[in-house]
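What follows is the content of run10.txt, which has compact mmCIF, C-alpha atoms and all ligand atoms:
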```
# COMPACT_ATOMS: atom_id res chain seq x y z
CA MET A 14 112.27 110.36 96.58
CA LYS A 15 110.90 113.53 98.12
CA ALA A 16 107.72 112.49 99.96
CA LYS A 17 109.01 110.01 102.51
CA PHE A 18 106.40 110.47 105.17
CA ILE A 19 102.85 110.25 103.80
CA THR A 20 99.66 110.45 105.86
CA PHE A 21 95.99 109.82 105.16
CA GLU A 22 93.27 111.83 106.85
CA GLY A 23 89.52 112.11 106.68
CA VAL A 24 86.25 111.67 108.54
CA GLU A 25 84.91 108.25 109.53
CA GLY A 26 84.00 106.06 106.58
CA SER A 27 86.08 108.05 104.07
CA GLY A 28 88.00 104.95 103.01
CA LYS A 29 91.43 106.30 103.99
CA SER A 30 92.54 103.05 105.67
CA THR A 31 91.93 101.14 102.44
CA GLN A 32 93.80 103.75 100.40
CA ALA A 33 96.74 103.83 102.83
CA ARG A 34 97.02 100.04 102.50
CA LEU A 35 96.76 100.11 98.69
CA LEU A 36 99.46 102.78 98.41
CA CYS A 37 101.77 100.75 100.61
CA GLU A 38 101.12 97.61 98.57
CA ARG A 39 101.95 99.46 95.35
CA LEU A 40 105.15 100.85 96.81
CA GLU A 41 106.20 97.33 97.74
CA GLU A 42 105.24 95.97 94.31
CA ASN A 43 107.60 98.58 92.90
CA SER A 44 110.37 97.43 95.26
CA ILE A 45 110.15 100.63 97.31
CA PRO A 46 110.44 99.67 101.00
CA ALA A 47 107.47 101.03 102.92
CA VAL A 48 105.83 100.65 106.31
CA LEU A 49 102.11 100.99 106.97
CA LEU A 50 101.12 102.39 110.35
CA ARG A 51 97.93 103.51 111.99
CA GLU A 52 97.05 105.94 114.71
CA PRO A 53 96.39 105.64 117.52
CA GLY A 54 98.47 102.48 117.83
CA GLY A 55 101.41 100.94 116.02
CA THR A 56 103.43 100.20 119.18
CA ALA A 57 102.70 97.98 122.19
CA VAL A 58 101.88 101.01 124.37
CA GLY A 59 100.05 102.72 121.50
CA GLU A 60 97.73 99.73 121.00
CA LYS A 61 96.85 99.81 124.71
CA ILE A 62 96.14 103.54 124.47
CA ARG A 63 94.04 102.86 121.36
CA ARG A 64 91.76 100.54 123.33
CA VAL A 65 91.27 103.16 126.05
CA LEU A 66 90.48 105.85 123.48
CA LYS A 67 88.12 103.85 121.30
CA ASP A 68 86.21 101.82 123.89
CA TYR A 69 82.61 103.02 123.91
CA ASP A 70 81.70 103.06 127.61
CA PRO A 71 79.21 105.74 128.67
CA LEU A 72 80.31 105.17 132.30
CA ALA A 73 83.98 105.92 131.60
CA GLU A 74 84.01 109.38 130.09
CA ILE A 75 87.36 110.87 129.03
CA SER A 76 87.79 114.65 129.20
CA PRO A 77 88.88 116.42 126.00
CA GLN A 78 92.17 117.35 127.68
CA ALA A 79 92.96 113.77 128.72
CA GLU A 80 91.99 112.62 125.22
CA LEU A 81 94.41 115.12 123.66
CA PHE A 82 97.29 113.84 125.77
CA LEU A 83 96.45 110.18 125.18
CA PHE A 84 96.63 110.69 121.40
CA ALA A 85 99.86 112.66 121.84
CA ALA A 86 101.35 109.93 124.05
CA SER A 87 100.59 107.24 121.47
CA ARG A 88 102.07 109.45 118.73
CA ALA A 89 105.25 110.26 120.67
CA GLU A 90 105.87 106.55 121.14
CA LEU A 91 105.19 105.77 117.48
CA LEU A 92 107.45 108.58 116.29
CA GLN A 93 110.41 107.65 118.45
CA SER A 94 110.27 103.89 118.20
CA VAL A 95 108.95 103.31 114.66
CA ILE A 96 108.70 106.35 112.37
CA LEU A 97 112.10 107.95 112.92
CA PRO A 98 113.99 104.63 112.67
CA ALA A 99 112.07 103.67 109.49
CA LEU A 100 112.80 107.05 107.87
CA ALA A 101 116.45 106.73 108.88
CA GLU A 102 116.54 103.36 107.07
CA GLY A 103 115.23 105.08 103.93
CA LYS A 104 111.75 103.56 104.08
CA ILE A 105 108.60 105.37 103.04
CA VAL A 106 106.28 105.71 106.02
CA VAL A 107 102.54 105.62 105.28
CA CYS A 108 100.38 106.47 108.27
CA ASP A 109 96.61 106.10 108.54
CA ARG A 110 95.87 109.31 110.52
CA PHE A 111 98.49 111.46 112.21
CA HIS A 112 98.69 114.85 113.94
CA ASP A 113 96.12 116.50 111.64
CA SER A 114 93.55 114.13 113.17
CA THR A 115 94.27 115.67 116.56
CA THR A 116 93.83 119.19 115.19
CA ALA A 117 90.61 118.22 113.40
CA TYR A 118 89.05 116.11 116.19
CA GLN A 119 90.39 117.60 119.43
CA ALA A 120 90.62 121.26 118.37
CA PHE A 121 87.80 121.66 115.84
CA GLY A 122 85.65 118.74 117.09
CA ARG A 123 86.07 118.97 120.88
CA GLY A 124 86.78 122.69 120.99
CA ILE A 125 90.27 122.73 122.55
CA ASP A 126 92.15 125.92 121.68
CA ILE A 127 94.02 125.31 118.43
CA GLY A 128 97.12 127.15 119.67
CA ILE A 129 97.40 124.70 122.58
CA VAL A 130 96.96 121.73 120.24
CA GLN A 131 99.73 123.10 118.03
CA GLN A 132 102.01 123.42 121.05
CA VAL A 133 101.33 119.79 121.90
CA HIS A 134 102.27 118.87 118.30
CA LYS A 135 105.52 120.78 118.68
CA LEU A 136 106.33 118.94 121.90
CA THR A 137 105.38 115.55 120.44
CA LEU A 138 106.87 115.88 116.97
CA GLY A 139 109.52 118.56 116.97
CA ASP A 140 110.06 119.23 113.28
CA THR A 141 108.86 115.86 111.97
CA ILE A 142 105.66 116.55 110.09
CA PRO A 143 104.38 114.61 107.06
CA ASP A 144 105.71 115.57 103.61
CA LEU A 145 102.42 114.75 101.93
CA THR A 146 98.91 114.36 103.34
CA PHE A 147 95.93 112.94 101.46
CA LEU A 148 92.63 114.26 102.79
CA LEU A 149 89.85 111.96 101.65
CA ASP A 150 86.90 114.28 101.45
CA LEU A 151 83.50 112.73 101.90
CA ASP A 152 80.10 114.09 102.79
CA VAL A 153 79.74 113.51 106.56
CA ALA A 154 76.29 111.92 106.36
CA GLY A 155 77.55 109.51 103.67
CA GLY A 156 80.55 108.54 105.81
CA MET A 157 78.42 107.96 108.89
CA LYS A 158 76.12 105.78 106.83
CA ARG A 159 79.05 103.68 105.57
CA VAL A 160 80.27 103.24 109.15
CA SER A 161 76.85 102.30 110.53
CA LEU A 162 76.52 99.62 107.82
CA ARG A 163 79.84 98.17 109.05
CA ASN A 164 78.61 97.99 112.68
CA GLU A 165 75.94 96.00 114.48
CA PRO A 166 72.59 97.84 114.16
CA GLY A 167 72.19 100.54 116.81
CA ARG A 168 75.57 99.81 118.40
CA PRO A 169 78.37 102.26 117.66
CA ASP A 170 81.75 100.60 117.35
CA ASP A 171 83.66 103.29 119.23
CA ARG A 172 83.48 106.58 121.12
CA PHE A 173 84.02 108.70 118.02
CA GLU A 174 81.50 106.89 115.87
CA ALA A 175 78.99 107.46 118.70
CA GLU A 176 79.39 111.25 118.33
CA LYS A 177 76.63 113.24 116.68
CA GLU A 178 76.72 114.37 113.06
CA GLU A 179 77.38 117.94 114.23
CA PHE A 180 80.70 116.85 115.78
CA HIS A 181 81.79 115.16 112.55
CA ARG A 182 80.81 118.28 110.59
CA ARG A 183 83.13 120.37 112.76
CA VAL A 184 85.90 117.81 112.17
CA GLN A 185 85.26 117.95 108.43
CA SER A 186 85.36 121.74 108.28
CA GLY A 187 88.51 121.66 110.42
CA TYR A 188 90.19 119.37 107.92
CA LEU A 189 89.23 121.64 105.03
CA ALA A 190 90.58 124.67 106.91
CA LEU A 191 93.87 122.86 107.54
CA ALA A 192 94.13 121.83 103.89
CA GLY A 193 93.41 125.41 102.78
CA GLY A 194 96.19 126.69 105.04
CA GLU A 195 98.82 124.23 103.75
CA PRO A 196 97.96 123.61 100.08
CA ASP A 197 101.42 122.23 99.27
CA ARG A 198 101.30 119.45 101.84
CA PHE A 199 97.60 118.56 101.56
CA LYS A 200 96.02 116.90 98.53
CA VAL A 201 92.25 116.88 98.86
CA ILE A 202 90.76 113.82 97.15
CA PRO A 203 86.98 113.54 96.68
CA ALA A 204 86.33 110.10 98.18
CA GLU A 205 83.16 109.14 96.28
CA GLY A 206 84.80 107.33 93.34
CA ALA A 207 85.62 103.65 92.87
CA ILE A 208 88.37 102.30 95.15
CA GLU A 209 90.75 101.44 92.29
CA GLU A 210 90.29 104.81 90.58
CA LEU A 211 91.08 106.63 93.81
CA ALA A 212 94.11 104.39 94.35
CA ASP A 213 95.40 105.23 90.84
CA LYS A 214 94.93 108.94 91.46
CA ILE A 215 96.75 108.76 94.81
CA TRP A 216 99.58 106.76 93.22
CA ARG A 217 100.00 109.40 90.50
CA ILE A 218 99.99 112.27 92.98
CA ALA A 219 102.49 110.52 95.27
CA GLY A 220 104.72 109.94 92.23
CA ASP A 221 104.47 113.58 91.10
CA ALA A 222 105.27 114.78 94.60
CA ASN A 223 108.33 112.55 94.53
CA GLU A 224 109.51 113.94 91.21
CA GLN A 225 109.30 117.60 92.21
P1 LIG B 301 89.84 104.28 113.89
O1 LIG B 301 89.12 103.01 114.09
O2 LIG B 301 91.27 104.21 113.47
O3 LIG B 301 88.98 105.17 112.97
P2 LIG B 301 89.05 105.40 111.45
O4 LIG B 301 88.83 104.06 110.80
O5 LIG B 301 87.99 106.40 111.21
O6 LIG B 301 90.45 105.94 111.24
O7 LIG B 301 89.70 105.13 115.22
C1 LIG B 301 90.39 106.25 115.48
C2 LIG B 301 89.43 107.30 116.00
O8 LIG B 301 90.15 108.24 116.76
C3 LIG B 301 88.77 108.06 114.87
O9 LIG B 301 87.42 108.22 115.18
C4 LIG B 301 89.42 109.42 114.91
C5 LIG B 301 89.91 109.56 116.31
N1 LIG B 301 91.18 110.31 116.42
C6 LIG B 301 91.20 111.51 117.11
O10 LIG B 301 90.16 111.96 117.61
N2 LIG B 301 92.37 112.19 117.27
C7 LIG B 301 93.55 111.70 116.77
O11 LIG B 301 94.61 112.34 116.92
C8 LIG B 301 93.52 110.43 116.07
C9 LIG B 301 94.78 109.86 115.51
C10 LIG B 301 92.32 109.77 115.91
```
Spit out the file's structure as structure tokens when you get a sec.
Ligand code: TYD
Amino acid sequence: MKAKFITFEGVEGSGKSTQARLLCERLEENSIPAVLLREPGGTAVGEKIRRVLKDYDPLAEISPQAELFLFAASRAELLQSVILPALAEGKIVVCDRFHDSTTAYQAFGRGIDIGIVQQVHKLTLGDTIPDLTFLLDLDVAGGMKRVSLRNEPGRPDDRFEAEKEEFHRRVQSGYLALAGGEPDRFKVIPAEGAIEELADKIWRIAGDANEQ
């Protein structure tokens, strides 16, 4: 097996969490040991950081710099205490968002210098980067609509969903720029199709990547 560390990325409402779960289920059905993780979170500390980062409280603003380090802190913990041990045991690690989210949201979305964000990745991850990354590509307006249907009317579920469409467009174009720069690692999947069709496509691509 070549692709041992697989991540899913995309804007809000792109359906990546569902696809990450379906891939993991299929791996297990095929007796391939796999762990499903999500970011931020996945450890006791990471879940606490997740609540701080997601909580929509207009009176408790978080600066872009603090936000960058909170995501990095959650990721450092997840890497050391879950991802590296799972990879060492020969498991496939499937992660719903990873460091590309930080580049897309904190560099392209919030405007932090991309070179600084990359240095933070180096500090947090060393040489451990995903082998394969699925970018679920969805029109931003469509994704925001899907998310707003999931939430109570007029009440955003979290700080990122409360951001304007313009922010999510910058995130989206950031993702596409990242994918263009690393075409071997990134597989861009148009996210409009039926859930099962997308899952089949992702399963095939993951299999091909493993056979290379
Ligand atoms: P989550 O509920 O997991 O969103 P989604 O279902 O869209 O994955 O919330 C995570 C939010 O945090 C999401 O809006 C993207 C944002 N995020 C960053 O800004 N930077 C990061 O490094 C990560 C991992 C997530």
Ligand LIG 301 (chain B): which residues are within 9 Å, counting only C-alpha atoms and all ligand atoms? Reply as number ranges by chain. A: 22-30, 51-54, 63, 66-67, 80-81, 83-85, 87-88, 109-119, 122-123, 160, 170-174
I'd like the contact shell of Leu49 (chain A) - 12 Å cut-off, all atoms listed in the file, skipping same-chain residues fewer than 3 positions apart - returned as number ranges by chain. A: 18-21, 30-41, 46, 52, 54-55, 91, 95-96, 99, 104-110
Which protein, DNA or RNA residues are at most 10 Å from (95.7, 122.9, 120.9) in the file's coordinates when you count all atoms listed in the file, listed as a PyMOL selection string? chain A and resi 78+81+115-116+119-121+124-134
Please identify all polymer residues within 12 Å of Lys15 (chain A), counting all atoms listed in the file, omitting same-chain residues fewer than 4 positions from it, and present them as JSON, numbers by chain. {"A": [19, 100, 103, 104, 105, 143, 144, 145, 198, 219, 220, 221, 222, 223, 224, 225]}
Computed interatomic separation between CA of Tyr188 (chain A) and CA of Asp213 (chain A) (Å): 22.8 Å
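Nearest-residue note for Glu195 (chain A): choosing from A:Phe147, A:Lys135, A:Leu97, A:Asn43, the minimum distance belongs to A:Phe147, counting only C-alpha atoms.
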Measure the distance from CA of Pro203 (chain A) to CA of Leu92 (chain A) in Å and round it to one decimal.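 Distance reported for this atom pair: 28.8 Å.
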Would you please work out which residue, of A:Gly206, A:Trp216, A:Val65, A:Ala73, is nearest to Leu151 (chain A) when using only C-alpha atoms?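 The closest residue to Leu151 (chain A) is A:Gly206.
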Atomic separation - CA of Leu148 (chain A) relative to CA of Ile202 (chain A), Å: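 Atom-to-atom, CA of Ile202 (chain A) to CA of Leu148 (chain A), that is 6.0 Å.
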Have a look at A:Asp152, A:Glu210, A:Glu102, A:Glu176 and name the one nearest to Val48 (chain A); count all atoms listed in the file.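 Checking each of A:Asp152, A:Glu210, A:Glu102, A:Glu176 against Val48 (chain A), counting all atoms listed in the file, the winner is A:Glu102.
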Which one of A:Ala175, A:Leu149, A:Ala190, A:Val184 sits closest to Pro71 (chain A) if you count all atoms listed in the file?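 Under the stated criterion, the closest residue is A:Ala175.
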If I only have part of region 174-196 of chain A, can you fill in N, CA, C and O atoms and write it as a short mmCIF file (atom, residue, chain, number, x, y, z; two decimals), in the coordinates of the input?
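Result saved to rebuild02.cif:
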```cif
data_model
loop_
_atom_site.label_atom_id
_atom_site.label_comp_id
_atom_site.auth_asym_id
_atom_site.auth_seq_id
_atom_site.Cartn_x
_atom_site.Cartn_y
_atom_site.Cartn_z
N GLU A 174 82.64 107.18 116.75
CA GLU A 174 81.50 106.89 115.87
C GLU A 174 80.18 107.21 116.59
O GLU A 174 79.16 107.44 115.95
N ALA A 175 80.21 107.18 117.94
CA ALA A 175 78.99 107.46 118.70
C ALA A 175 78.67 108.96 118.73
O ALA A 175 77.58 109.36 119.13
N GLU A 176 79.63 109.79 118.32
CA GLU A 176 79.39 111.25 118.33
C GLU A 176 78.34 111.64 117.29
O GLU A 176 78.21 111.00 116.26
N LYS A 177 77.69 112.77 117.57
CA LYS A 177 76.63 113.24 116.68
C LYS A 177 77.21 113.78 115.37
O LYS A 177 78.37 114.15 115.29
N GLU A 178 76.30 113.87 114.38
CA GLU A 178 76.72 114.37 113.06
C GLU A 178 77.37 115.76 113.15
O GLU A 178 78.33 116.05 112.45
N GLU A 179 76.86 116.58 114.06
CA GLU A 179 77.38 117.94 114.23
C GLU A 179 78.88 117.93 114.56
O GLU A 179 79.66 118.72 114.04
N PHE A 180 79.28 116.99 115.42
CA PHE A 180 80.70 116.85 115.78
C PHE A 180 81.52 116.53 114.52
O PHE A 180 82.55 117.15 114.25
N HIS A 181 81.04 115.57 113.74
CA HIS A 181 81.79 115.16 112.55
C HIS A 181 81.82 116.27 111.51
O HIS A 181 82.78 116.39 110.75
N ARG A 182 80.79 117.12 111.51
CA ARG A 182 80.81 118.28 110.59
C ARG A 182 81.90 119.27 111.00
O ARG A 182 82.57 119.85 110.17
N ARG A 183 82.06 119.46 112.30
CA ARG A 183 83.13 120.37 112.76
C ARG A 183 84.50 119.80 112.39
O ARG A 183 85.41 120.52 111.97
N VAL A 184 84.63 118.47 112.54
CA VAL A 184 85.90 117.81 112.17
C VAL A 184 86.17 118.02 110.69
O VAL A 184 87.27 118.41 110.28
N GLN A 185 85.13 117.80 109.89
CA GLN A 185 85.26 117.95 108.43
C GLN A 185 85.67 119.36 108.06
O GLN A 185 86.59 119.57 107.25
N SER A 186 85.00 120.37 108.67
CA SER A 186 85.36 121.74 108.28
C SER A 186 86.75 122.07 108.79
O SER A 186 87.49 122.84 108.16
N GLY A 187 87.14 121.47 109.92
CA GLY A 187 88.51 121.66 110.42
C GLY A 187 89.53 121.13 109.43
O GLY A 187 90.52 121.80 109.12
N TYR A 188 89.28 119.95 108.91
CA TYR A 188 90.19 119.37 107.92
C TYR A 188 90.33 120.29 106.70
O TYR A 188 91.43 120.51 106.20
N LEU A 189 89.18 120.80 106.23
CA LEU A 189 89.23 121.64 105.03
C LEU A 189 89.99 122.94 105.31
O LEU A 189 90.74 123.42 104.47
N ALA A 190 89.84 123.46 106.54
CA ALA A 190 90.58 124.67 106.91
C ALA A 190 92.08 124.38 106.94
O ALA A 190 92.90 125.16 106.45
N LEU A 191 92.45 123.22 107.49
CA LEU A 191 93.87 122.86 107.54
C LEU A 191 94.43 122.72 106.13
O LEU A 191 95.53 123.19 105.83
N ALA A 192 93.66 122.04 105.27
CA ALA A 192 94.13 121.83 103.89
C ALA A 192 94.28 123.16 103.17
O ALA A 192 95.24 123.38 102.42
N GLY A 193 93.34 124.09 103.42
CA GLY A 193 93.41 125.41 102.78
C GLY A 193 94.65 126.19 103.24
O GLY A 193 95.25 126.94 102.47
N GLY A 194 95.05 125.97 104.49
CA GLY A 194 96.19 126.69 105.04
C GLY A 194 97.53 126.12 104.60
O GLY A 194 98.55 126.81 104.68
N GLU A 195 97.55 124.86 104.18
CA GLU A 195 98.82 124.23 103.75
C GLU A 195 98.61 123.50 102.42
O GLU A 195 98.67 122.27 102.36
N PRO A 196 98.33 124.26 101.35
CA PRO A 196 97.96 123.61 100.08
C PRO A 196 99.09 122.78 99.47
O PRO A 196 98.82 121.88 98.68
#
```
